[in-house]
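Enquirer: Below you'll find entry22.txt; it's compact mmCIF, C-alpha atoms.
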# COMPACT_ATOMS: atom_id res chain seq x y z
CA MET A 10 -20.47 1.60 7.53
CA ARG A 11 -21.04 0.92 11.22
CA LEU A 12 -18.23 1.26 13.72
CA THR A 13 -17.86 -0.27 17.16
CA ARG A 14 -14.97 0.73 19.42
CA ARG A 15 -13.46 -1.63 21.98
CA THR A 16 -10.55 -0.96 24.33
CA LYS A 17 -8.30 -3.42 26.12
CA SER A 18 -9.30 -2.19 29.55
CA LEU A 19 -13.00 -1.46 29.06
CA ALA A 20 -15.51 -3.10 26.73
CA LEU A 21 -17.14 0.16 25.63
CA ALA A 22 -19.02 0.14 22.34
CA PHE A 23 -20.65 2.71 20.16
CA MET A 24 -22.29 2.54 16.78
CA PHE A 25 -23.33 5.23 14.36
CA ALA A 26 -25.51 5.10 11.26
CA LEU A 27 -24.73 7.40 8.35
CA GLY A 28 -27.49 9.97 8.21
CA PRO A 29 -27.78 12.94 5.83
CA SER A 30 -25.07 14.91 7.65
CA PHE A 31 -22.60 12.08 7.01
CA ALA A 32 -23.56 11.45 3.38
CA CYS A 33 -20.68 9.97 1.38
CA ALA A 34 -19.48 11.79 -1.69
CA THR A 35 -20.67 8.90 -3.84
CA GLY A 36 -24.23 9.34 -2.63
CA ASP A 37 -26.38 6.20 -2.67
CA ASP A 38 -24.84 3.23 -0.85
CA GLU A 39 -27.07 0.62 -2.55
CA PRO A 40 -25.25 -2.05 -4.63
CA LYS A 41 -24.96 -1.08 -8.27
CA ALA A 42 -24.60 -3.14 -11.41
CA THR A 43 -21.07 -3.54 -12.73
CA PRO A 44 -20.54 -0.94 -15.49
CA ALA A 45 -19.08 -1.65 -18.90
CA PRO A 46 -15.26 -1.56 -19.06
CA GLU A 47 -13.91 1.97 -19.22
CA VAL A 48 -12.40 3.05 -22.51
CA ASP A 49 -9.43 5.39 -22.48
CA PRO A 50 -10.45 8.39 -24.65
CA THR A 51 -6.88 9.46 -25.37
CA PRO A 52 -5.88 8.90 -29.01
CA PRO A 53 -2.85 6.71 -29.77
CA LEU A 54 0.55 8.37 -29.69
CA ASP A 55 3.15 7.99 -32.44
CA ALA A 56 6.47 6.18 -31.90
CA ALA A 57 5.08 4.57 -28.76
CA VAL A 58 7.68 1.80 -28.48
CA ALA A 59 11.44 2.18 -28.59
CA ASP A 60 13.59 -0.35 -30.46
CA ALA A 61 15.05 -3.23 -28.48
CA THR A 62 18.58 -2.68 -27.24
CA ASP A 63 21.70 -4.83 -27.39
CA ASP A 64 21.21 -5.94 -23.78
CA GLY A 65 18.29 -8.09 -24.90
CA LEU A 66 15.72 -6.31 -22.70
CA PRO A 67 12.20 -6.06 -24.14
CA PRO A 68 11.46 -2.61 -25.58
CA MET A 69 9.86 0.11 -23.48
CA PRO A 70 7.70 3.07 -24.52
CA SER A 71 9.68 5.99 -25.93
CA THR A 72 6.89 8.48 -25.23
CA CYS A 73 5.13 9.55 -22.05
CA SER A 74 1.47 8.86 -21.41
CA ALA A 75 -1.14 11.57 -21.69
CA GLY A 76 -1.21 11.47 -17.89
CA GLY A 77 2.46 12.47 -17.73
CA PHE A 78 4.00 9.08 -16.85
CA CYS A 79 7.36 8.48 -18.52
CA TYR A 80 8.86 4.98 -18.45
CA VAL A 81 12.43 4.31 -17.39
CA ARG A 82 14.50 1.29 -18.35
CA SER A 83 14.76 -1.31 -15.59
CA PRO A 84 17.82 -3.54 -15.12
CA TYR A 85 15.50 -6.27 -13.86
CA LEU A 86 13.44 -8.31 -16.31
CA GLY A 87 10.68 -9.39 -13.93
CA PRO A 88 7.80 -7.35 -12.51
CA LEU A 89 8.47 -4.77 -9.79
CA LEU A 90 6.60 -5.18 -6.52
CA ALA A 91 6.97 -1.94 -4.53
CA VAL A 92 8.41 1.58 -4.59
CA SER A 93 9.27 4.17 -1.95
CA ALA A 94 11.17 7.43 -2.23
CA SER A 95 12.52 10.41 -0.35
CA SER A 96 11.91 12.52 -3.48
CA VAL A 97 10.97 11.94 -7.09
CA ASP A 98 14.71 11.98 -7.90
CA ASP A 99 15.67 9.36 -5.30
CA ALA A 100 13.47 6.26 -5.43
CA TRP A 101 13.93 2.67 -4.23
CA MET A 102 12.20 -0.33 -5.81
CA VAL A 103 11.76 -4.03 -5.05
CA PRO A 104 11.53 -6.67 -7.81
CA GLU A 105 9.11 -9.55 -7.31
CA GLN A 106 10.52 -12.83 -5.97
CA SER A 107 14.04 -11.48 -5.47
CA GLY A 108 16.59 -10.45 -2.89
CA ALA A 109 17.62 -7.38 -4.94
CA LEU A 110 17.02 -3.67 -4.47
CA LEU A 111 16.93 -1.07 -7.25
CA ARG A 112 17.54 2.66 -6.94
CA TRP A 113 16.75 5.62 -9.18
CA ASP A 114 19.52 8.20 -8.67
CA GLY A 115 17.93 11.00 -10.68
CA ALA A 116 19.32 9.78 -14.00
CA SER A 117 18.90 5.99 -14.25
CA LEU A 118 17.58 2.93 -12.44
CA LYS A 119 20.30 0.60 -11.17
CA GLN A 120 20.52 -2.50 -9.00
CA ILE A 121 22.52 -1.50 -5.94
CA TYR A 122 22.04 -4.44 -3.58
CA GLU A 123 21.61 -8.20 -3.70
CA TYR A 124 21.38 -10.45 -0.66
CA GLU A 125 24.14 -13.08 -0.49
CA GLY A 126 23.39 -14.87 2.79
CA PRO A 127 24.61 -17.03 4.42
CA THR A 128 21.89 -17.12 7.11
CA PRO A 129 19.26 -17.56 5.90
CA PRO A 130 20.52 -18.75 2.49
CA ASN A 131 17.96 -16.69 0.55
CA ILE A 132 15.44 -13.91 1.11
CA THR A 133 12.52 -12.49 -0.86
CA PHE A 134 11.74 -8.81 -0.39
CA SER A 135 8.14 -7.79 0.33
CA GLY A 136 8.42 -4.02 0.66
CA VAL A 137 10.67 -0.99 1.04
CA TRP A 138 10.38 2.26 3.02
CA ALA A 139 12.65 5.21 2.17
CA GLU A 140 12.28 7.96 4.76
CA THR A 141 15.27 10.01 3.64
CA LYS A 142 17.97 9.61 1.00
CA ASP A 143 20.26 7.71 3.35
CA ASN A 144 17.73 6.04 5.65
CA VAL A 145 15.95 3.10 4.05
CA TRP A 146 14.34 -0.08 5.39
CA ALA A 147 13.49 -3.15 3.29
CA ALA A 148 11.44 -6.06 4.68
CA ALA A 149 11.88 -9.63 3.46
CA MET A 150 10.93 -13.21 4.16
CA GLY A 151 13.86 -15.58 4.67
CA SER A 152 13.98 -19.04 3.14
CA ASP A 153 13.97 -20.37 6.74
CA GLY A 154 10.52 -18.84 7.38
CA HIS A 155 11.75 -15.89 9.47
CA VAL A 156 11.47 -12.14 8.86
CA VAL A 157 14.67 -10.43 7.68
CA LEU A 158 15.30 -6.68 7.56
CA VAL A 159 17.85 -4.98 5.34
CA ARG A 160 18.70 -1.42 6.29
CA TYR A 161 20.67 1.25 4.44
CA SER A 162 21.70 4.02 6.83
CA SER A 163 24.51 5.23 9.01
CA PRO A 164 25.35 2.55 11.60
CA PRO A 165 24.28 3.12 15.22
CA GLY A 166 26.99 5.29 16.69
CA GLY A 167 27.73 7.07 13.41
CA GLY A 168 29.58 6.49 10.17
CA ALA A 169 28.92 6.43 6.43
CA PRO A 170 25.62 4.92 5.20
CA ALA A 171 25.91 1.20 4.46
CA PHE A 172 23.75 -1.89 3.96
CA ARG A 173 23.20 -4.15 6.97
CA GLU A 174 21.30 -7.45 7.13
CA LEU A 175 19.18 -7.79 10.28
CA PRO A 176 17.72 -11.32 10.61
CA THR A 177 15.03 -11.86 13.24
CA ARG A 178 13.51 -14.84 15.04
CA GLU A 179 9.98 -13.85 14.02
CA SER A 180 8.24 -16.62 12.05
CA ALA A 181 5.76 -15.73 9.32
CA THR A 182 4.57 -16.81 5.91
CA ALA A 183 3.92 -13.30 4.57
CA ILE A 184 4.65 -9.62 5.25
CA LEU A 185 1.43 -7.77 4.47
CA GLY A 186 2.28 -4.13 5.18
CA ILE A 187 5.04 -1.80 6.41
CA TRP A 188 5.27 1.79 7.67
CA GLY A 189 8.28 3.78 8.84
CA THR A 190 8.25 6.47 11.52
CA PRO A 191 9.04 10.09 10.50
CA ALA A 192 12.39 9.89 12.29
CA GLY A 193 13.29 6.83 10.22
CA ASP A 194 14.51 4.92 13.29
CA THR A 195 11.62 2.44 13.51
CA LEU A 196 9.81 0.22 11.04
CA TRP A 197 6.34 -1.17 11.77
CA MET A 198 5.06 -4.21 9.91
CA VAL A 199 2.15 -6.61 9.95
CA THR A 200 2.69 -10.25 9.05
CA ASP A 201 0.17 -13.04 8.82
CA ARG A 202 0.74 -13.60 12.55
CA ALA A 203 1.98 -10.45 14.22
CA VAL A 204 2.29 -6.68 14.51
CA LEU A 205 6.02 -5.97 14.75
CA ARG A 206 7.92 -2.83 15.76
CA VAL A 207 11.54 -3.04 14.59
CA ARG A 208 14.47 -0.90 15.72
CA GLU A 209 18.25 -1.18 15.65
CA ASP A 210 21.01 -0.47 18.13
CA GLU A 211 24.71 -1.35 18.32
CA SER A 212 23.86 -4.91 19.40
CA GLY A 213 21.64 -5.54 16.39
CA VAL A 214 17.92 -5.66 15.67
CA ILE A 215 15.26 -5.15 18.36
CA VAL A 216 11.81 -6.58 17.60
CA ASP A 217 8.70 -5.99 19.73
CA ASN A 218 5.61 -8.06 18.96
CA LEU A 219 2.77 -5.68 19.79
CA VAL A 220 -0.24 -7.73 18.74
CA PRO A 221 -3.38 -6.02 20.09
CA SER A 222 -4.77 -8.08 22.95
CA THR A 223 -8.38 -8.26 24.04
CA ASP A 224 -10.33 -8.62 27.24
CA ALA A 225 -10.68 -12.14 28.60
CA GLU A 226 -14.37 -12.21 27.70
CA ASP A 227 -13.58 -11.28 24.10
CA ALA A 228 -12.44 -14.49 22.38
CA GLY A 229 -12.04 -12.82 18.99
CA GLN A 230 -9.03 -13.59 16.82
CA TYR A 231 -7.48 -10.69 14.91
CA SER A 232 -5.81 -10.88 11.51
CA TRP A 233 -4.11 -7.70 10.27
CA ARG A 234 -3.46 -6.71 6.64
CA GLY A 235 -2.18 -3.13 6.75
CA VAL A 236 -0.36 -0.63 8.97
CA TRP A 237 -0.02 3.16 8.98
CA GLY A 238 0.96 5.80 11.52
CA PHE A 239 1.27 9.49 12.17
CA GLY A 240 3.97 9.19 14.83
CA PRO A 241 5.60 6.61 17.13
CA GLY A 242 2.66 6.84 19.55
CA ASP A 243 -0.07 7.06 16.93
CA VAL A 244 -0.10 3.85 14.86
CA TYR A 245 -3.01 2.04 13.16
CA VAL A 246 -3.49 -1.50 11.86
CA ALA A 247 -6.39 -2.85 9.81
CA GLY A 248 -7.81 -6.30 9.17
CA ARG A 249 -10.57 -8.44 10.65
CA VAL A 250 -11.73 -10.09 13.86
CA CYS A 251 -13.14 -13.63 14.00
CA PRO A 252 -14.82 -15.56 16.81
CA SER A 253 -12.22 -18.34 16.39
CA ASP A 254 -8.89 -19.08 14.73
CA TYR A 255 -10.72 -19.80 11.48
CA CYS A 256 -14.03 -18.40 10.34
CA GLU A 257 -16.05 -17.73 7.21
CA PRO A 258 -16.43 -14.14 5.92
CA LYS A 259 -20.03 -14.14 7.14
CA ASP A 260 -18.76 -14.61 10.70
CA SER A 261 -16.01 -11.96 10.70
CA TYR A 262 -15.97 -8.18 11.12
CA GLY A 263 -13.63 -5.56 9.79
CA ALA A 264 -11.34 -4.04 12.42
CA ILE A 265 -9.00 -1.06 12.83
CA GLY A 266 -6.64 -1.03 15.81
CA HIS A 267 -4.96 2.07 17.29
CA TYR A 268 -1.76 2.06 19.35
CA ASP A 269 -1.27 5.21 21.46
CA GLY A 270 2.26 4.39 22.59
CA THR A 271 1.09 2.34 25.57
CA SER A 272 -2.01 0.32 24.76
CA TRP A 273 -4.35 -0.66 21.96
CA SER A 274 -7.98 0.11 21.22
CA VAL A 275 -9.91 -1.59 18.43
CA THR A 276 -12.81 -0.30 16.36
CA THR A 277 -14.88 -2.94 14.57
CA ILE A 278 -16.72 -2.17 11.34
CA ASP A 279 -19.83 -4.24 11.75
CA SER A 280 -21.06 -3.71 8.17
CA ALA A 281 -17.85 -5.22 6.71
CA SER A 282 -16.34 -8.68 6.90
CA ASP A 283 -12.76 -7.45 6.42
CA VAL A 284 -10.57 -4.37 5.97
CA LEU A 285 -8.32 -5.17 3.03
CA SER A 286 -5.84 -2.28 3.01
CA LEU A 287 -4.77 0.77 4.99
CA ARG A 288 -2.81 3.96 4.34
CA GLY A 289 -3.02 7.53 5.53
CA THR A 290 -1.98 11.12 5.09
CA PRO A 291 1.61 12.23 5.83
CA PRO A 292 2.55 13.02 9.44
CA GLY A 293 2.09 16.70 10.25
CA THR A 294 -1.09 17.04 8.14
CA ASP A 295 -4.74 16.43 8.96
CA ARG A 296 -4.95 12.81 10.14
CA ARG A 297 -6.99 10.82 7.65
CA LEU A 298 -7.04 7.14 6.74
CA TRP A 299 -7.83 5.45 3.43
CA PHE A 300 -8.99 1.85 3.64
CA ASP A 301 -10.87 -0.76 1.61
CA THR A 302 -13.54 -3.02 3.03
CA SER A 303 -15.17 -6.24 1.89
CA GLU A 304 -18.92 -5.86 2.44
CA PRO A 305 -21.92 -8.13 1.74
CA SER A 306 -23.56 -7.00 -1.49
CA SER A 307 -26.22 -9.64 -2.14
CA ARG A 308 -27.69 -12.69 -0.47
CA GLU A 309 -29.65 -15.64 -1.77
CA GLY A 310 -33.25 -15.87 -0.64
CA ASP A 311 -32.56 -18.68 1.78
CA GLY A 312 -29.57 -16.82 3.26
CA SER A 313 -27.17 -19.61 2.34
CA MET A 314 -25.03 -17.64 -0.12
CA THR A 315 -23.56 -14.17 0.22
CA THR A 316 -21.46 -12.26 -2.28
CA TYR A 317 -19.05 -9.52 -1.25
CA ALA A 318 -18.06 -6.23 -2.85
CA GLU A 319 -15.12 -3.95 -2.21
CA LYS A 320 -15.57 -0.36 -1.08
CA THR A 321 -13.05 2.42 -0.46
CA TYR A 322 -13.38 4.87 2.43
CA LEU A 323 -11.65 8.08 3.48
CA VAL A 324 -12.18 8.89 7.18
CA PRO A 325 -10.81 11.47 9.63
CA ILE A 326 -9.26 10.44 12.92
CA THR A 327 -10.96 11.68 16.08
CA ASN A 328 -9.12 13.11 19.07
CA ALA A 329 -9.63 9.74 20.76
CA GLY A 330 -7.72 7.98 17.96
CA ALA A 331 -10.75 6.31 16.36
CA PRO A 332 -11.99 6.44 12.75
CA GLY A 333 -14.62 9.14 12.33
CA ALA A 334 -17.62 9.38 10.01
CA PRO A 335 -16.60 8.86 6.36
CA LEU A 336 -15.68 11.92 4.35
CA TYR A 337 -15.89 9.93 1.11
CA SER A 338 -16.67 6.43 -0.09
CA HIS A 339 -16.44 4.72 -3.46
CA PRO A 340 -17.78 1.27 -4.41
CA ALA A 341 -15.38 -0.73 -6.59
CA ASP A 342 -18.13 -1.51 -9.11
CA VAL A 343 -18.82 2.16 -9.84
CA ALA A 344 -16.74 4.08 -12.39
CA PRO A 345 -13.93 4.96 -12.14
CA ALA A 346 -12.93 1.41 -11.16
CA CYS A 347 -10.31 2.47 -8.63
CA SER A 348 -9.79 1.34 -5.05
CA ASN A 349 -7.22 1.67 -2.29
CA ARG A 350 -5.56 -1.73 -2.81
CA VAL A 351 -2.45 0.16 -4.01
CA GLY A 352 -1.79 3.80 -3.27
CA HIS A 353 -0.08 6.67 -1.51
CA ALA A 354 -1.45 9.92 -0.08
CA ALA A 355 0.71 13.00 -0.54
CA ALA A 356 -1.66 15.28 1.39
CA PRO A 357 -5.24 15.28 2.73
CA THR A 358 -6.41 16.61 -0.65
CA SER A 359 -3.97 14.71 -2.87
CA ALA A 360 -3.63 10.94 -3.23
CA TRP A 361 -2.99 8.35 -5.94
CA LEU A 362 -4.94 5.09 -5.71
CA SER A 363 -5.36 1.96 -7.81
CA SER A 364 -7.15 -1.37 -7.82
CA GLY A 365 -4.07 -2.81 -9.55
CA LEU A 366 -4.87 -1.65 -13.07
CA LEU A 367 -6.58 1.72 -13.44
CA LEU A 368 -4.79 4.63 -11.72
CA CYS A 369 -6.85 7.41 -10.11
CA ARG A 370 -5.95 10.74 -8.60
CA TRP A 371 -7.79 12.05 -5.53
CA THR A 372 -8.44 15.77 -6.05
CA GLY A 373 -9.84 16.41 -2.59
CA THR A 374 -13.43 15.88 -3.76
CA LYS A 375 -13.37 12.98 -6.25
CA LEU A 376 -11.31 10.27 -7.96
CA GLU A 377 -10.20 11.02 -11.51
CA PRO A 378 -8.65 8.40 -13.86
CA VAL A 379 -5.14 9.19 -15.12
CA GLN A 380 -3.75 7.50 -18.21
CA THR A 381 -0.58 5.49 -17.60
CA SER A 382 -0.12 3.79 -20.99
CA PRO A 383 1.21 5.66 -24.02
CA GLY A 384 -1.46 5.57 -26.70
CA ALA A 385 -3.33 2.35 -27.24
CA LEU A 386 -0.53 0.11 -25.98
CA PRO A 387 -1.44 -2.22 -23.08
CA VAL A 388 1.70 -1.24 -21.18
CA VAL A 389 0.37 -1.70 -17.64
CA ALA A 390 -0.73 -5.26 -16.93
CA THR A 391 -0.63 -4.94 -13.11
CA LEU A 392 0.11 -1.87 -11.01
CA ASN A 393 1.84 -3.08 -7.83
CA GLY A 394 3.25 0.03 -6.14
CA ILE A 395 2.74 3.80 -5.95
CA TRP A 396 4.74 6.58 -4.29
CA ALA A 397 3.52 10.18 -4.32
CA GLY A 398 5.56 13.13 -3.10
CA GLY A 399 3.01 15.76 -4.06
CA ALA A 400 0.21 16.55 -6.47
CA GLU A 401 2.55 15.94 -9.42
CA ASP A 402 5.59 13.93 -8.27
CA VAL A 403 4.64 10.25 -8.59
CA TRP A 404 6.30 6.88 -9.23
CA ILE A 405 4.39 3.75 -10.28
CA VAL A 406 5.80 0.22 -10.66
CA GLY A 407 4.42 -3.14 -11.65
CA ALA A 408 4.18 -5.64 -14.49
CA ALA A 409 3.89 -4.60 -18.13
CA VAL A 410 3.36 -6.04 -21.57
CA THR A 411 5.02 -3.98 -24.27
CA ARG A 412 4.18 -6.01 -27.39
CA ASP A 413 1.79 -8.80 -28.30
CA GLY A 414 3.29 -12.18 -27.48
CA LEU A 415 5.83 -10.92 -24.96
CA PRO A 416 5.55 -12.07 -21.32
CA PRO A 417 4.98 -9.42 -18.63
CA ARG A 418 8.11 -7.62 -17.51
CA GLY A 419 8.80 -5.04 -14.87
CA PHE A 420 8.10 -1.37 -15.43
CA ALA A 421 8.81 1.84 -13.56
CA ALA A 422 7.30 5.15 -14.65
CA ARG A 423 7.80 8.64 -13.26
CA ARG A 424 5.60 11.71 -13.39
CA THR A 425 6.78 15.22 -12.53
CA ALA A 426 5.31 18.72 -12.75
CA ALA A 427 7.05 19.08 -16.13
CA THR A 428 5.82 15.82 -17.66
CA ALA A 429 2.30 16.35 -16.28
CA THR A 430 2.00 19.33 -18.66
CA GLY A 431 3.60 17.61 -21.65
CA GLY A 432 7.22 18.54 -20.95
CA GLN A 433 10.34 16.38 -21.08
CA PRO A 434 11.27 14.00 -18.22
Written as structure tokens, that's how I'd like the structure from this file.

Expert:
Amino acid sequence: MRLTRRTKSLALAFMFALGPSFACATGDDEPKATPAPEVDPTPPLDAAVADATDDGLPPMPSTCSAGGFCYVRSPYLGPLLAVSASSVDDAWMVPEQSGALLRWDGASLKQIYEYEGPTPPNITFSGVWAETKDNVWAAAMGSDGHVVLVRYSSPPGGGAPAFRELPTRESATAILGIWGTPAGDTLWMVTDRAVLRVREDESGVIVDNLVPSTDAEDAGQYSWRGVWGFGPGDVYVAGRVCPSDYCEPKDSYGAIGHYDGTSWSVTTIDSASDVLSLRGTPPGTDRRLWFDTSEPSSREGDGSMTTYAEKTYLVPITNAGAPGAPLYSHPADVAPACSNRVGHAAAPTSAWLSSGLLLCRWTGTKLEPVQTSPGALPVVATLNGIWAGGAEDVWIVGAAVTRDGLPPRGFAARRTAATATGGQP
């Protein structure tokens, strides 16, 4: 991985090559052949599926997985898209293609909100961020093409927590990532067109479009896919830079931008065509970022065709706010087949990551697969969201198939210190 740093005010650049002192934990960086599919060694569990109930919902597993994940009944039939929590006993979830919000109250999962308009007529949630029990942001796309925020908190000026719809004038086709500040008073998001900082006061929603700008001689066009921060003046975005509004992967470079509270600086990753995801360690701990890149893996002899492979990196943040030399890297085609497409870091030495199917736990030195399905059942079809509150407290959500012939439905599963050692939920 080669990094180049550019600032708005000065076109400085530096580049480092990974020598022996910066060796990644995976060792050799050369492309490797795709391994055979991994087989879960855990033997099947008895009584793996509960009987269907009178409410007509498809059955769910009645046992926990060998990895300690216990499934809870969802009031929503469809797949679940995202999860965020203030603790393992207070979690918020977003169903796919809906304007509804679900909440786990420590005993059951219930729908507690549904958007009813009138302006815009409909919304579709993209993500949720729960900083504390009574301070939650949810980001949505309105049917009119504008970003809409729904917030559950005490109103500005005080009062009991309540839901408030906060429509904006920001146009977008997709919300690609969100991050909330530790104080819970600000939500950052990246859309297909913008980097937005959202706040609220007694007059309503305040939106600042803080798209990183470049020097006049730099005609690059940035496209951002993820956002993470360690404080209101220490925020990062990740994506790619192109020489024009549209470019082929062979013409683009991966990019990570840093906002210091006043201005932006951008580091380009010259060995990658894109940075596909971004997340980091919790504020107050060692500042580290997880991100995935798309990197050229092979090229035809005449140079006309290039294939790309995904690779996951863990890097420290320097005092200057730039990504440092990688502490760890993991190619997607090397077992275990995990990446950082979905994930959450609970600490510098504890994180849960997934490519969307296999779930892995970061131990501080390596990624270890963790079984999510009870027995031989193909419960997890797609893993869409992860929240981790510690080494043991974890929520996962996504789409599941519980019996042959049934369509995918939503699932939510919880792991605690007790279930991780075979105890009851």

Enquirer: Under the rule that all atoms listed in the file are counted, which of A:Leu287, A:Val207, A:Ala148, A:Val159 is the nearest residue to His353 (chain A)?

Expert: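 Checking each candidate against His353 (chain A), we get A:Leu287 as the closest.
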
Enquirer: One decimal, Å: what's the distance from CA of Arg418 (chain A) over to CA of Gln120 (chain A), could you say?

Expert: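 Distance reported for this atom pair: 15.9 Å.
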
Enquirer: Can you work out the spacing between CA of Gly235 (chain A) and CA of Ser348 (chain A) in Å, to one decimal?

Expert: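 These atoms are spaced 14.7 Å apart.
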
Enquirer: Mind pulling up the distance from CA of Tyr245 (chain A) to CA of Thr321 (chain A)?

Expert: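 Between these atoms lies a distance of 16.9 Å.
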
Enquirer: Using all atoms listed in the file, can you tell me which of A:Gly167, A:Pro332, A:Pro305, A:Gly238 comes closest to Pro291 (chain A)?

Expert: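 Distance minimum relative to Pro291 (chain A) lands on A:Gly238.
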
Enquirer: Select, from A:Val97, A:Leu367, A:Ala203, A:Ala346, the residue with the minimum atom-to-atom distance to Val216 (chain A), counting only C-alpha atoms.

Expert: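 Distance minimum relative to Val216 (chain A) lands on A:Ala203.
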
Enquirer: Using all atoms listed in the file, which of A:Thr271, A:Gly186, A:Val389, A:Pro434 sits nearest Arg350 (chain A)?

Expert: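 Selected residue with least distance to Arg350 (chain A): A:Gly186.
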
Enquirer: Restricting the calculation to only C-alpha atoms: of A:Gly77, A:Pro378, A:Gly432, A:Gly419, which residue gets closest to Glu105 (chain A)?

Expert: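 Between A:Gly77, A:Pro378, A:Gly432, A:Gly419, the residue approaching Glu105 (chain A) most closely is A:Gly419.
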
Enquirer: Given 3 Å of margin on each side, can you work out the centre and size in Å (one decimal) of an axis-aligned box holding every listed atom of region 143-157 of chain A, as JSON?

Expert:
{"center_x": 15.4, "center_y": -6.3, "center_z": 6.3, "size_x": 15.7, "size_y": 34.1, "size_z": 12.3}

Enquirer: Can you list, as a CSV table (one decimal) with C-alpha atoms, in the coordinates of the input, every protein, DNA or RNA residue that comes within 10 Å of Ile395 (chain A) when you count all atoms listed in the file, leaving out same-chain residues fewer than 6 positions away?

Expert:
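Result saved to result_15.csv:
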chain,number,residue,atom,x,y,z
A,90,LEU,CA,6.6,-5.2,-6.5
A,91,ALA,CA,7.0,-1.9,-4.5
A,92,VAL,CA,8.4,1.6,-4.6
A,93,SER,CA,9.3,4.2,-2.0
A,94,ALA,CA,11.2,7.4,-2.2
A,351,VAL,CA,-2.4,0.2,-4.0
A,352,GLY,CA,-1.8,3.8,-3.3
A,353,HIS,CA,-0.1,6.7,-1.5
A,354,ALA,CA,-1.4,9.9,-0.1
A,360,ALA,CA,-3.6,10.9,-3.2
A,361,TRP,CA,-3.0,8.4,-5.9
A,362,LEU,CA,-4.9,5.1,-5.7
A,363,SER,CA,-5.4,2.0,-7.8
A,368,LEU,CA,-4.8,4.6,-11.7
A,403,VAL,CA,4.6,10.2,-8.6
A,404,TRP,CA,6.3,6.9,-9.2
A,405,ILE,CA,4.4,3.8,-10.3
A,406,VAL,CA,5.8,0.2,-10.7
A,407,GLY,CA,4.4,-3.1,-11.6
A,421,ALA,CA,8.8,1.8,-13.6
A,422,ALA,CA,7.3,5.2,-14.6

Enquirer: Need the shell around Ala429 (chain A): protein/DNA/RNA residues with any atom at most 12 Å away, counting only C-alpha atoms. Skip same-chain ones fewer than 3 positions apart. Format as a PyMOL selection string?

Expert: chain A and resi 73-79+379-381+400-403+423-426+432-434

Enquirer: Give me a file of those residues, with C-alpha atoms, as a PDB file, keeping the file's coordinate frame.

Expert:
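Saved file again00.pdb follows:
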ATOM      1  CA  CYS A  73       5.130   9.550 -22.050  1.00  0.00           C
ATOM      2  CA  SER A  74       1.470   8.860 -21.410  1.00  0.00           C
ATOM      3  CA  ALA A  75      -1.140  11.570 -21.690  1.00  0.00           C
ATOM      4  CA  GLY A  76      -1.210  11.470 -17.890  1.00  0.00           C
ATOM      5  CA  GLY A  77       2.460  12.470 -17.730  1.00  0.00           C
ATOM      6  CA  PHE A  78       4.000   9.080 -16.850  1.00  0.00           C
ATOM      7  CA  CYS A  79       7.360   8.480 -18.520  1.00  0.00           C
ATOM      8  CA  VAL A 379      -5.140   9.190 -15.120  1.00  0.00           C
ATOM      9  CA  GLN A 380      -3.750   7.500 -18.210  1.00  0.00           C
ATOM     10  CA  THR A 381      -0.580   5.490 -17.600  1.00  0.00           C
ATOM     11  CA  ALA A 400       0.210  16.550  -6.470  1.00  0.00           C
ATOM     12  CA  GLU A 401       2.550  15.940  -9.420  1.00  0.00           C
ATOM     13  CA  ASP A 402       5.590  13.930  -8.270  1.00  0.00           C
ATOM     14  CA  VAL A 403       4.640  10.250  -8.590  1.00  0.00           C
ATOM     15  CA  ARG A 423       7.800   8.640 -13.260  1.00  0.00           C
ATOM     16  CA  ARG A 424       5.600  11.710 -13.390  1.00  0.00           C
ATOM     17  CA  THR A 425       6.780  15.220 -12.530  1.00  0.00           C
ATOM     18  CA  ALA A 426       5.310  18.720 -12.750  1.00  0.00           C
ATOM     19  CA  GLY A 432       7.220  18.540 -20.950  1.00  0.00           C
ATOM     20  CA  GLN A 433      10.340  16.380 -21.080  1.00  0.00           C
ATOM     21  CA  PRO A 434      11.270  14.000 -18.220  1.00  0.00           C
TER      22      PRO A 434
END

Enquirer: Determine the nearest neighbour of Arg112 (chain A) from the options A:Leu86, A:Ala341, A:Ala329, A:Val145, counting only C-alpha atoms.

Expert: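 Counting only C-alpha atoms, the residue closest to Arg112 (chain A) is A:Val145.
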
Enquirer: Using only C-alpha atoms, which residues sit within 9 Å of Ala409 (chain A) once same-chain residues fewer than 2 positions away are excluded, as a PyMOL selection string?

Expert: chain A and resi 88+387-392+407+411+416-420

Enquirer: Write a file of the selected residues as a PDB file, in the frame of the given file, keeping C-alpha atoms.

Expert:
ATOM      1  CA  PRO A  88       7.800  -7.350 -12.510  1.00  0.00           C
ATOM      2  CA  PRO A 387      -1.440  -2.220 -23.080  1.00  0.00           C
ATOM      3  CA  VAL A 388       1.700  -1.240 -21.180  1.00  0.00           C
ATOM      4  CA  VAL A 389       0.370  -1.700 -17.640  1.00  0.00           C
ATOM      5  CA  ALA A 390      -0.730  -5.260 -16.930  1.00  0.00           C
ATOM      6  CA  THR A 391      -0.630  -4.940 -13.110  1.00  0.00           C
ATOM      7  CA  LEU A 392       0.110  -1.870 -11.010  1.00  0.00           C
ATOM      8  CA  GLY A 407       4.420  -3.140 -11.650  1.00  0.00           C
ATOM      9  CA  THR A 411       5.020  -3.980 -24.270  1.00  0.00           C
ATOM     10  CA  PRO A 416       5.550 -12.070 -21.320  1.00  0.00           C
ATOM     11  CA  PRO A 417       4.980  -9.420 -18.630  1.00  0.00           C
ATOM     12  CA  ARG A 418       8.110  -7.620 -17.510  1.00  0.00           C
ATOM     13  CA  GLY A 419       8.800  -5.040 -14.870  1.00  0.00           C
ATOM     14  CA  PHE A 420       8.100  -1.370 -15.430  1.00  0.00           C
TER      15      PHE A 420
END
